[in-house]
>>> print(open('query.txt').read())   # compact mmCIF, C-alpha atoms
# COMPACT_ATOMS: atom_id res chain seq x y z
CA MET A 1 -10.79 1.75 23.21
CA THR A 2 -12.65 3.19 20.22
CA SER A 3 -12.03 0.27 17.86
CA THR A 4 -11.48 -3.44 17.95
CA THR A 5 -7.96 -4.84 17.75
CA ALA A 6 -6.60 -7.14 15.05
CA GLY A 7 -6.72 -10.01 17.52
CA GLN A 8 -10.37 -9.36 18.30
CA ARG A 9 -11.18 -9.26 14.59
CA VAL A 10 -9.36 -12.59 14.09
CA ALA A 11 -11.43 -14.08 16.93
CA ARG A 12 -14.63 -12.78 15.36
CA ALA A 13 -13.77 -14.27 11.96
CA ARG A 14 -12.79 -17.58 13.59
CA LYS A 15 -16.06 -17.81 15.53
CA ARG A 16 -18.10 -16.93 12.46
CA LYS A 17 -16.43 -19.83 10.69
CA GLY A 18 -17.46 -22.06 13.59
CA TRP A 19 -13.87 -22.94 14.52
CA THR A 20 -12.29 -23.42 17.89
CA GLN A 21 -8.89 -21.97 18.69
CA ARG A 22 -7.52 -25.48 18.28
CA GLN A 23 -8.88 -25.73 14.72
CA LEU A 24 -7.40 -22.38 13.76
CA ALA A 25 -4.06 -23.32 15.33
CA ASP A 26 -3.98 -26.61 13.42
CA ALA A 27 -4.81 -24.89 10.13
CA LEU A 28 -2.06 -22.32 10.69
CA GLY A 29 0.50 -24.78 12.00
CA TYR A 30 0.77 -22.76 15.23
CA SER A 31 0.06 -23.65 18.84
CA VAL A 32 -3.25 -23.07 20.59
CA SER A 33 -1.35 -20.83 22.99
CA TRP A 34 -0.23 -18.63 20.10
CA VAL A 35 -3.80 -18.25 18.82
CA SER A 36 -5.11 -17.50 22.30
CA GLN A 37 -2.44 -14.87 22.96
CA ALA A 38 -2.82 -13.31 19.50
CA GLU A 39 -6.57 -12.96 19.91
CA ARG A 40 -6.28 -11.23 23.26
CA GLY A 41 -3.38 -9.01 22.16
CA ALA A 42 -0.58 -10.60 24.19
CA ILE A 43 1.22 -11.48 20.94
CA PRO A 44 1.27 -8.62 18.43
CA LEU A 45 -0.11 -9.24 14.95
CA ASP A 46 2.50 -6.87 13.62
CA ARG A 47 3.30 -8.32 10.21
CA PHE A 48 1.26 -8.52 7.04
CA SER A 49 2.85 -11.91 6.38
CA VAL A 50 1.18 -13.27 9.52
CA LEU A 51 -2.17 -11.59 8.92
CA ASP A 52 -2.10 -12.75 5.29
CA ARG A 53 -1.73 -16.33 6.43
CA VAL A 54 -4.57 -15.96 8.93
CA ALA A 55 -6.79 -14.30 6.31
CA ASP A 56 -6.06 -17.08 3.84
CA VAL A 57 -6.89 -19.83 6.34
CA LEU A 58 -10.08 -18.12 7.54
CA GLY A 59 -11.17 -17.26 4.00
CA VAL A 60 -11.49 -13.53 4.61
CA GLU A 61 -9.99 -10.46 2.99
CA MET A 62 -7.18 -8.63 4.72
CA PRO A 63 -9.22 -5.43 5.42
CA GLU A 64 -11.53 -7.45 7.66
CA LEU A 65 -8.58 -8.24 9.92
CA THR A 66 -6.96 -4.81 9.72
CA GLY A 67 -10.26 -3.00 10.27
CA GLN A 68 -9.81 -0.61 7.35
CA PRO A 69 -10.80 2.03 6.46
CA TYR A 70 -10.08 4.03 9.60
CA ARG A 71 -12.06 7.20 10.17
CA HIS A 72 -10.79 10.03 12.29
CA GLY A 73 -12.45 12.50 14.62
CA THR A 74 -11.38 15.83 13.14
CA PRO A 75 -11.80 17.22 9.60
CA ASP A 76 -8.08 17.75 9.06
CA LEU A 77 -7.16 14.17 9.97
CA ASP A 78 -10.16 12.72 8.13
CA SER A 79 -9.69 14.79 4.99
CA GLY A 80 -8.38 11.92 2.90
CA HIS A 81 -11.65 10.10 3.50
CA ASN A 82 -13.81 13.15 2.91
CA GLY A 83 -12.96 13.13 -0.80
CA ILE A 84 -13.86 9.46 -1.30
CA PRO A 85 -17.62 9.82 -2.13
CA ALA A 86 -16.92 12.28 -4.95
CA LEU A 87 -14.02 10.17 -6.20
CA ARG A 88 -16.17 7.05 -6.20
CA LEU A 89 -18.82 8.82 -8.27
CA ALA A 90 -16.23 10.12 -10.74
CA LEU A 91 -14.89 6.60 -11.28
CA GLN A 92 -18.42 5.27 -11.74
CA ARG A 93 -18.96 7.89 -14.45
CA ALA A 94 -15.67 6.93 -16.07
CA LEU A 95 -16.87 3.33 -16.27
CA MET A 96 -19.83 4.42 -18.43
CA PRO A 97 -18.62 4.91 -22.03
CA SER A 98 -21.72 6.92 -22.97
CA TYR A 99 -21.64 9.30 -20.01
CA ARG A 100 -21.52 12.99 -20.93
CA ASP A 101 -21.73 16.07 -18.74
CA SER A 102 -22.73 18.89 -21.06
CA ALA A 103 -22.43 21.44 -18.26
CA ARG A 104 -18.74 20.69 -17.76
CA ALA A 105 -16.35 22.72 -19.90
CA PRO A 106 -13.69 20.63 -21.66
CA ARG A 107 -10.06 21.09 -20.57
CA SER A 108 -7.14 21.47 -22.94
CA LEU A 109 -4.48 18.79 -23.19
CA ALA A 110 -1.87 21.22 -21.88
CA GLU A 111 -3.99 22.00 -18.81
CA LEU A 112 -4.55 18.32 -18.11
CA ARG A 113 -0.83 17.55 -18.39
CA THR A 114 -0.04 20.22 -15.81
CA GLU A 115 -2.76 19.05 -13.43
CA VAL A 116 -1.72 15.40 -13.60
CA ILE A 117 1.89 16.31 -12.77
CA ALA A 118 0.68 18.41 -9.80
CA ALA A 119 -1.45 15.49 -8.57
CA GLU A 120 1.52 13.12 -8.89
CA ASP A 121 3.57 15.45 -6.71
CA LEU A 122 0.83 15.41 -4.06
CA ARG A 123 0.68 11.60 -4.27
CA GLN A 124 4.41 11.34 -3.59
CA ALA A 125 3.94 13.75 -0.67
CA ALA A 126 1.13 11.52 0.72
CA ASN A 127 -1.03 14.67 0.86
CA PHE A 128 -4.43 13.01 0.90
CA ALA A 129 -6.21 16.19 1.94
CA ALA A 130 -5.20 18.05 -1.21
CA LEU A 131 -5.70 14.99 -3.42
CA GLY A 132 -9.23 14.53 -2.12
CA GLY A 133 -10.04 18.01 -3.31
CA ILE A 134 -8.76 17.65 -6.88
CA MET A 135 -8.93 14.00 -7.92
CA PRO A 136 -12.69 13.69 -8.64
CA ALA A 137 -12.57 16.58 -11.14
CA LEU A 138 -9.32 15.29 -12.63
CA VAL A 139 -10.83 11.83 -13.21
CA ASP A 140 -13.88 13.45 -14.83
CA ASP A 141 -11.86 15.81 -17.00
CA VAL A 142 -9.30 13.33 -18.30
CA SER A 143 -11.84 10.57 -18.94
CA ALA A 144 -14.13 13.03 -20.77
CA ALA A 145 -11.26 14.31 -22.89
CA LEU A 146 -10.20 10.75 -23.67
CA ARG A 147 -13.70 9.79 -24.84
CA ALA A 148 -13.87 12.83 -27.12
CA SER A 149 -10.37 12.47 -28.62
CA ASP A 150 -8.88 10.80 -31.66
CA GLY A 151 -5.51 10.63 -33.40
CA PRO A 152 -2.24 11.31 -31.56
CA ALA A 153 -4.01 13.20 -28.78
CA HIS A 154 -5.98 10.07 -27.95
CA ASP A 155 -2.85 8.09 -27.12
CA GLU A 156 -1.44 10.83 -24.91
CA LEU A 157 -4.75 11.22 -23.10
CA ALA A 158 -4.94 7.46 -22.61
CA ALA A 159 -1.47 7.52 -21.01
CA LEU A 160 -2.55 10.46 -18.84
CA PHE A 161 -5.63 8.53 -17.74
CA VAL A 162 -3.45 5.56 -16.75
CA ARG A 163 -1.47 7.97 -14.55
CA VAL A 164 -4.66 9.44 -13.06
CA CYS A 165 -5.93 5.95 -12.25
CA HIS A 166 -2.62 5.19 -10.56
CA ILE A 167 -2.95 8.20 -8.26
CA THR A 168 -6.52 7.18 -7.48
CA ARG A 169 -5.49 3.59 -6.78
CA VAL A 170 -2.72 4.57 -4.38
CA THR A 171 -4.87 7.13 -2.57
CA SER A 172 -7.71 4.65 -2.21
CA ASP A 173 -5.49 1.82 -0.99
CA LEU A 174 -3.57 3.96 1.49
CA THR A 175 -6.80 5.28 3.00
CA GLY A 176 -8.23 1.75 3.16
CA HIS A 177 -10.90 2.04 0.45
CA HIS A 178 -9.76 -1.04 -1.43
CA ASP A 179 -12.95 -1.57 -3.44
CA LEU A 180 -12.45 1.88 -4.93
CA ALA A 181 -8.81 1.04 -5.65
CA TRP A 182 -10.01 -1.98 -7.60
CA THR A 183 -12.33 0.21 -9.73
CA ALA A 184 -9.40 2.52 -10.47
CA VAL A 185 -7.08 -0.30 -11.48
CA GLU A 186 -9.78 -1.92 -13.63
CA LEU A 187 -10.04 1.31 -15.60
CA GLU A 188 -6.26 1.59 -15.68
CA VAL A 189 -5.67 -1.91 -17.05
CA ARG A 190 -8.48 -1.55 -19.59
CA THR A 191 -7.07 1.76 -20.87
CA ALA A 192 -3.49 0.45 -20.99
CA GLU A 193 -4.49 -2.70 -22.89
CA ALA A 194 -6.38 -0.63 -25.47
CA LEU A 195 -3.38 1.67 -25.86
CA GLY A 196 -1.14 -1.29 -26.70
CA ASN A 197 2.05 0.31 -25.39
CA PRO A 198 4.20 -1.93 -23.15
CA ALA A 199 5.10 0.84 -20.66
CA PRO A 200 1.55 1.87 -19.61
CA LEU A 201 0.56 -1.81 -19.52
CA ALA A 202 3.49 -2.61 -17.23
CA ALA A 203 2.61 0.36 -15.00
CA ALA A 204 -0.99 -0.85 -14.81
CA THR A 205 0.18 -4.37 -13.96
CA TRP A 206 2.35 -2.92 -11.19
CA ASP A 207 -0.76 -1.24 -9.80
CA LEU A 208 -2.79 -4.43 -10.15
CA CYS A 209 -0.22 -6.18 -7.96
CA GLY A 210 -0.63 -3.36 -5.45
CA VAL A 211 -4.39 -3.88 -5.20
CA TRP A 212 -3.96 -7.58 -4.60
CA LEU A 213 -1.22 -6.95 -2.03
CA HIS A 214 -3.66 -4.85 -0.05
CA SER A 215 -6.35 -7.53 -0.37
CA GLY A 216 -4.07 -10.19 1.12
CA GLY A 217 -4.90 -13.85 1.66
CA GLU A 218 -5.48 -15.80 -1.55
CA ALA A 219 -5.05 -12.58 -3.58
CA LEU A 220 -1.31 -12.71 -2.84
CA ARG A 221 -0.93 -15.60 -5.24
CA SER A 222 -2.63 -13.56 -7.94
CA ALA A 223 -0.28 -10.68 -7.17
CA ARG A 224 2.74 -12.94 -7.52
CA SER A 225 1.48 -14.39 -10.81
CA ALA A 226 0.81 -10.91 -12.22
CA ALA A 227 4.27 -9.72 -11.20
CA ILE A 228 5.99 -12.74 -12.76
CA GLU A 229 3.99 -12.36 -15.98
CA GLY A 230 4.90 -8.68 -16.08
CA ILE A 231 8.57 -9.51 -15.60
CA ASP A 232 8.45 -12.08 -18.40
CA ARG A 233 6.76 -9.63 -20.81
CA LEU A 234 9.47 -7.02 -20.22
CA GLU A 235 12.46 -9.37 -20.21
CA GLU A 236 13.46 -8.72 -23.83
CA HIS A 237 13.70 -4.97 -23.18
CA VAL A 238 16.04 -5.12 -20.18
CA GLY A 239 19.21 -3.16 -20.83
CA LYS A 240 17.85 -1.83 -24.14
CA ASP A 241 15.10 0.56 -23.04
CA ALA A 242 15.59 2.56 -19.81
CA GLU A 243 11.87 3.05 -19.14
CA LEU A 244 10.97 -0.60 -19.61
CA THR A 245 14.04 -1.74 -17.69
CA ALA A 246 12.93 0.38 -14.72
CA LEU A 247 9.43 -1.09 -14.90
CA TRP A 248 10.95 -4.59 -15.02
CA GLY A 249 12.89 -3.75 -11.86
CA ALA A 250 9.82 -2.29 -10.18
CA MET A 251 7.94 -5.51 -10.94
CA HIS A 252 10.71 -7.47 -9.22
CA LEU A 253 10.16 -5.34 -6.11
CA ARG A 254 6.47 -6.20 -6.23
CA ALA A 255 7.41 -9.87 -6.48
CA ALA A 256 9.84 -9.51 -3.56
CA VAL A 257 7.19 -8.03 -1.24
CA THR A 258 4.65 -10.65 -2.31
CA SER A 259 7.16 -13.43 -1.72
CA SER A 260 7.95 -12.11 1.75
CA ARG A 261 4.28 -12.29 2.68
CA LEU A 262 4.13 -15.81 1.30
CA TRP A 263 7.19 -16.74 3.41
CA ALA A 264 9.29 -17.54 0.33
CA GLU A 265 12.59 -16.10 1.54
CA ALA A 266 14.75 -17.50 -1.28
CA ASP A 267 12.46 -15.89 -3.85
CA VAL A 268 12.65 -12.59 -1.98
CA GLN A 269 16.42 -12.51 -2.31
CA VAL A 270 16.33 -13.41 -6.02
CA HIS A 271 13.89 -10.60 -6.83
CA LEU A 272 15.77 -8.04 -4.74
CA ALA A 273 19.03 -8.97 -6.44
CA GLU A 274 17.51 -8.60 -9.90
CA ALA A 275 16.03 -5.21 -9.01
CA ALA A 276 19.33 -4.01 -7.54
CA ARG A 277 21.16 -5.09 -10.69
CA VAL A 278 19.31 -2.55 -12.86
CA ALA A 279 18.34 0.16 -10.36
CA PRO A 280 19.47 3.71 -11.22
CA ALA A 281 20.72 6.05 -8.51
CA SER A 282 17.52 8.06 -8.88
CA GLY A 283 14.33 7.87 -10.90
CA ASN A 284 10.55 7.63 -10.70
CA THR A 285 9.39 5.85 -13.84
CA TRP A 286 5.58 5.81 -13.96
CA GLN A 287 5.44 6.84 -10.29
CA THR A 288 7.04 3.57 -9.16
CA GLN A 289 9.98 5.33 -7.46
CA PHE A 290 12.22 2.65 -8.91
CA ASN A 291 15.75 3.58 -7.84
CA ALA A 292 18.56 2.25 -5.67
CA PRO A 293 17.33 3.83 -2.40
CA ASN A 294 13.89 2.30 -2.91
CA VAL A 295 15.44 -1.12 -3.55
CA ALA A 296 17.24 -0.77 -0.21
CA LEU A 297 13.93 0.20 1.42
CA HIS A 298 12.27 -2.91 -0.03
CA ALA A 299 15.05 -5.06 1.42
CA LEU A 300 14.24 -3.56 4.82
CA GLU A 301 10.49 -4.05 4.39
CA THR A 302 10.83 -7.70 3.37
CA ALA A 303 13.14 -8.45 6.32
CA VAL A 304 10.46 -7.06 8.63
CA GLU A 305 7.77 -9.19 6.97
CA LEU A 306 9.98 -12.29 7.30
CA GLY A 307 10.28 -11.60 11.04
CA ARG A 308 14.01 -10.86 11.07
CA PRO A 309 14.45 -7.75 13.25
CA THR A 310 18.25 -8.00 13.49
CA ASP A 311 18.57 -8.18 9.71
CA ALA A 312 15.99 -5.41 9.32
CA LEU A 313 17.84 -3.05 11.65
CA GLY A 314 21.09 -3.67 9.81
CA LEU A 315 19.38 -3.04 6.48
CA SER A 316 17.69 0.10 7.78
CA ASP A 317 21.12 1.59 8.47
CA GLN A 318 22.01 1.01 4.81
CA VAL A 319 19.05 2.92 3.37
CA PRO A 320 20.25 6.33 2.11
CA ILE A 321 17.36 8.29 3.60
CA ASP A 322 18.44 11.67 2.24
CA ALA A 323 18.48 10.24 -1.28
CA ILE A 324 14.80 9.20 -1.10
CA GLY A 325 12.97 11.85 -3.11
CA SER A 326 9.43 10.88 -2.09
CA THR A 327 7.88 11.91 1.22
CA GLU A 328 5.64 8.84 1.04
CA ARG A 329 8.70 6.60 0.67
CA ARG A 330 10.59 8.36 3.49
CA THR A 331 7.55 7.94 5.73
CA HIS A 332 7.42 4.27 4.81
CA TYR A 333 11.09 3.95 5.73
CA TRP A 334 10.51 5.35 9.23
CA THR A 335 7.48 3.12 9.85
CA CYS A 336 9.45 0.04 8.73
CA ARG A 337 12.34 1.05 10.97
CA ALA A 338 9.94 1.60 13.87
CA ARG A 339 8.48 -1.88 13.37
CA SER A 340 11.92 -3.51 13.35
CA LEU A 341 12.93 -1.61 16.51
CA ALA A 342 9.76 -2.71 18.29
CA MET A 343 10.37 -6.32 17.24
CA ALA A 344 13.79 -5.97 18.87
CA HIS A 345 12.08 -4.55 22.02
CA ARG A 346 13.67 -1.14 21.60
CA ASP A 347 10.41 0.64 22.32
CA ASP A 348 11.69 4.17 22.92
CA ALA A 349 13.58 4.17 19.63
CA ALA A 350 10.55 2.66 17.87
CA LEU A 351 8.36 5.49 19.15
CA ASP A 352 10.89 8.10 18.02
CA ALA A 353 10.95 6.59 14.52
CA LEU A 354 7.17 6.50 14.36
CA LEU A 355 6.91 10.12 15.48
CA THR A 356 9.40 11.06 12.76
CA ALA A 357 7.15 9.34 10.22
CA GLU A 358 4.11 11.15 11.61
CA ARG A 359 5.82 14.53 11.27
CA LEU A 360 6.51 13.78 7.60
CA ALA A 361 3.02 12.60 6.63
CA PRO A 362 0.51 12.22 9.47
CA ALA A 363 -2.36 10.94 7.32
CA HIS A 364 -0.10 8.25 5.88
CA VAL A 365 0.88 6.99 9.35
CA HIS A 366 -2.60 7.24 10.84
CA ASN A 367 -4.03 5.07 8.03
CA ARG A 368 -1.35 2.35 7.99
CA PRO A 369 -2.47 -0.91 9.64
CA MET A 370 0.96 -1.93 10.93
CA ALA A 371 1.69 1.56 12.28
CA ARG A 372 -1.57 1.41 14.21
CA GLN A 373 -0.76 -2.08 15.46
CA LEU A 374 2.62 -0.86 16.62
CA VAL A 375 1.06 1.97 18.62
CA LEU A 376 -1.37 -0.47 20.24
CA ASP A 377 1.55 -2.72 21.17
CA LEU A 378 3.50 0.18 22.67
CA LEU A 379 0.37 1.32 24.48
CA HIS A 380 -0.14 -2.02 26.19
CA ARG A 381 3.42 -3.05 26.96
CA GLY A 382 4.16 -2.93 30.68
CA LYS A 383 1.84 -1.51 33.30
CA ARG A 384 2.02 2.08 32.09
CA SER A 385 2.62 3.61 28.69
CA THR A 386 4.41 6.92 28.32
CA PRO A 387 2.51 10.15 27.65
CA PRO A 388 3.87 10.44 24.06
CA VAL A 389 2.50 6.98 23.25
CA ARG A 390 -0.90 7.84 24.73
CA GLN A 391 -0.98 11.12 22.83
CA LEU A 392 -0.10 9.40 19.57
CA ALA A 393 -2.78 6.78 20.17
CA ARG A 394 -5.36 9.53 20.67
CA ARG A 395 -4.28 11.29 17.47
CA MET A 396 -4.71 8.02 15.59
CA GLY A 397 -8.17 7.45 17.03
CA LEU A 398 -7.08 4.35 18.92
CA THR A 399 -8.14 5.74 22.29
CA THR A 400 -10.42 8.50 23.48
>>> encode(input="query.txt", output="structure tokens")
Amino acid sequence: MTSTTAGQRVARARKRKGWTQRQLADALGYSVSWVSQAERGAIPLDRFSVLDRVADVLGVEMPELTGQPYRHGTPDLDSGHNGIPALRLALQRALMPSYRDSARAPRSLAELRTEVIAAEDLRQAANFAALGGIMPALVDDVSAALRASDGPAHDELAALFVRVCHITRVTSDLTGHHDLAWTAVELEVRTAEALGNPAPLAAATWDLCGVWLHSGGEALRSARSAAIEGIDRLEEHVGKDAELTALWGAMHLRAAVTSSRLWAEADVQVHLAEAARVAPASGNTWQTQFNAPNVALHALETAVELGRPTDALGLSDQVPIDAIGSTERRTHYWTCRARSLAMAHRDDAALDALLTAERLAPAHVHNRPMARQLVLDLLHRGKRSTPPVRQLARRMGLTT
């Protein structure tokens, strides 16, 4: 193996805390046998809801248990990570109000609009390679234009910068660079608050929830609070303003996922129902992909997190895959379906679903903690794994 497993990382965190397996089991409310089997890989740690609970009890952040970020052995697979140093520097410059680069030619507002839309398309395609090549310059250009602007152009540039920070946040989180995602969302929230428009502020809050979801553990409670506050702020606009209604629904989906990881099943169903009530047939308000197919996908995801494979498989059949306009969302569907199939011990079908996801967006699959855990589980089930599983594990850097 080229990397430690989630179970090994749990054992390391437990030992660093000075706990026995019995102490961890007592804190979790599980048996010592469960802890022992989880640490040695006999029980898969295949749900964020479980890892979140472990992270919370051990007092560590989720990335310590997932092992993110994952680096890969070839330039094409590692391309999403290759752009991170330049992106980090661009965000650091954006944090400095007095920073100026006199050698950099200013871009027109029309050019920046076009480039942001192109970057949003790449984000929905989960094309980290292309994003890594353009995002540092886009952060620099939009932040520089925003600092130099005034009047009506200032407000439009501020809204554009919120969108740029969103793309940066998603890219950073999905490649496992969560500290960089936090920098992006800090800039996003700050810009949205200064703008004073409820839509950019709601979009920034949605992203803030995303950062805390990826952090896991205690941060989940912060994510839930932020989602509920966002819902309350938008309540008066529901049914009156289409944009703000969509953001209200998107915030309910954030709350549903957070609730599933906190094992609050009744809350999950309430938030899903509220989102479904206002979801349009299609739409992508502020890059949230809030629409009816995505609500159905969230119902599937939360059933997986609640450990209900039968429900998840039934829900997966109800997701209108062809109506999902985002490659990233379609890839997420296939990974969620693969996880539910594996939980039901339908390993061949789980592998097929995962390979479908990989064909759609390989970098997305190779960087997802639960997809990697699933491959490890398939690799170790029985005495021999099939060649396709071994080949997939090699492509993901899980074996040599």
>>> atom_distance(input="query.txt", atom1="CA of Val164 in chain A", atom2="CA of Val185 in chain A")
10.2 Å
>>> residues_around(input="query.txt", residues="range 370-374 of chain A", least_positions_apart="3", cutoff="8 Å", atoms="only C-alpha atoms", output="PyMOL selection string")
chain A and resi 6+44-48+335+339+342+354+365-367+377-378+396+398
>>> atom_distance(input="query.txt", atom1="CA of Arg221 in chain A", atom2="CA of Leu341 in chain A")
29.3 Å
>>> residues_around(input="query.txt", residues="Glu328 in chain A", least_positions_apart="6", cutoff="9 Å", atoms="only C-alpha atoms", output="PDB file with C-alpha atoms, keeping the file's coordinate frame")
ATOM      1  CA  ARG A 123       0.680  11.600  -4.270  1.00  0.00           C
ATOM      2  CA  GLN A 124       4.410  11.340  -3.590  1.00  0.00           C
ATOM      3  CA  ALA A 125       3.940  13.750  -0.670  1.00  0.00           C
ATOM      4  CA  ALA A 126       1.130  11.520   0.720  1.00  0.00           C
ATOM      5  CA  ASN A 127      -1.030  14.670   0.860  1.00  0.00           C
ATOM      6  CA  LEU A 360       6.510  13.780   7.600  1.00  0.00           C
ATOM      7  CA  ALA A 361       3.020  12.600   6.630  1.00  0.00           C
ATOM      8  CA  HIS A 364      -0.100   8.250   5.880  1.00  0.00           C
TER       9      HIS A 364
END
>>> atom_distance(input="query.txt", atom1="CA of Gly216 in chain A", atom2="CA of Asp52 in chain A")
5.3 Å
>>> residues_near_point(input="query.txt", point="(-3.5, 18.9, -6.3)", cutoff="8 Å", atoms="all atoms listed in the file", output="PyMOL selection string")
chain A and resi 115+118-119+121-122+130-131+133-135
>>> closest_atom_pairs(input="query.txt", of="range 57-140 of chain A", to="range 186-191 of chain A", cutoff="9 Å", atoms="all atoms listed in the file", output="CSV")
residue,atom,partner,partner_atom,distance
A:Leu91,CA,A:Leu187,CA,8.4
A:Ala94,CA,A:Leu187,CA,8.0
A:Leu95,CA,A:Leu187,CA,7.2
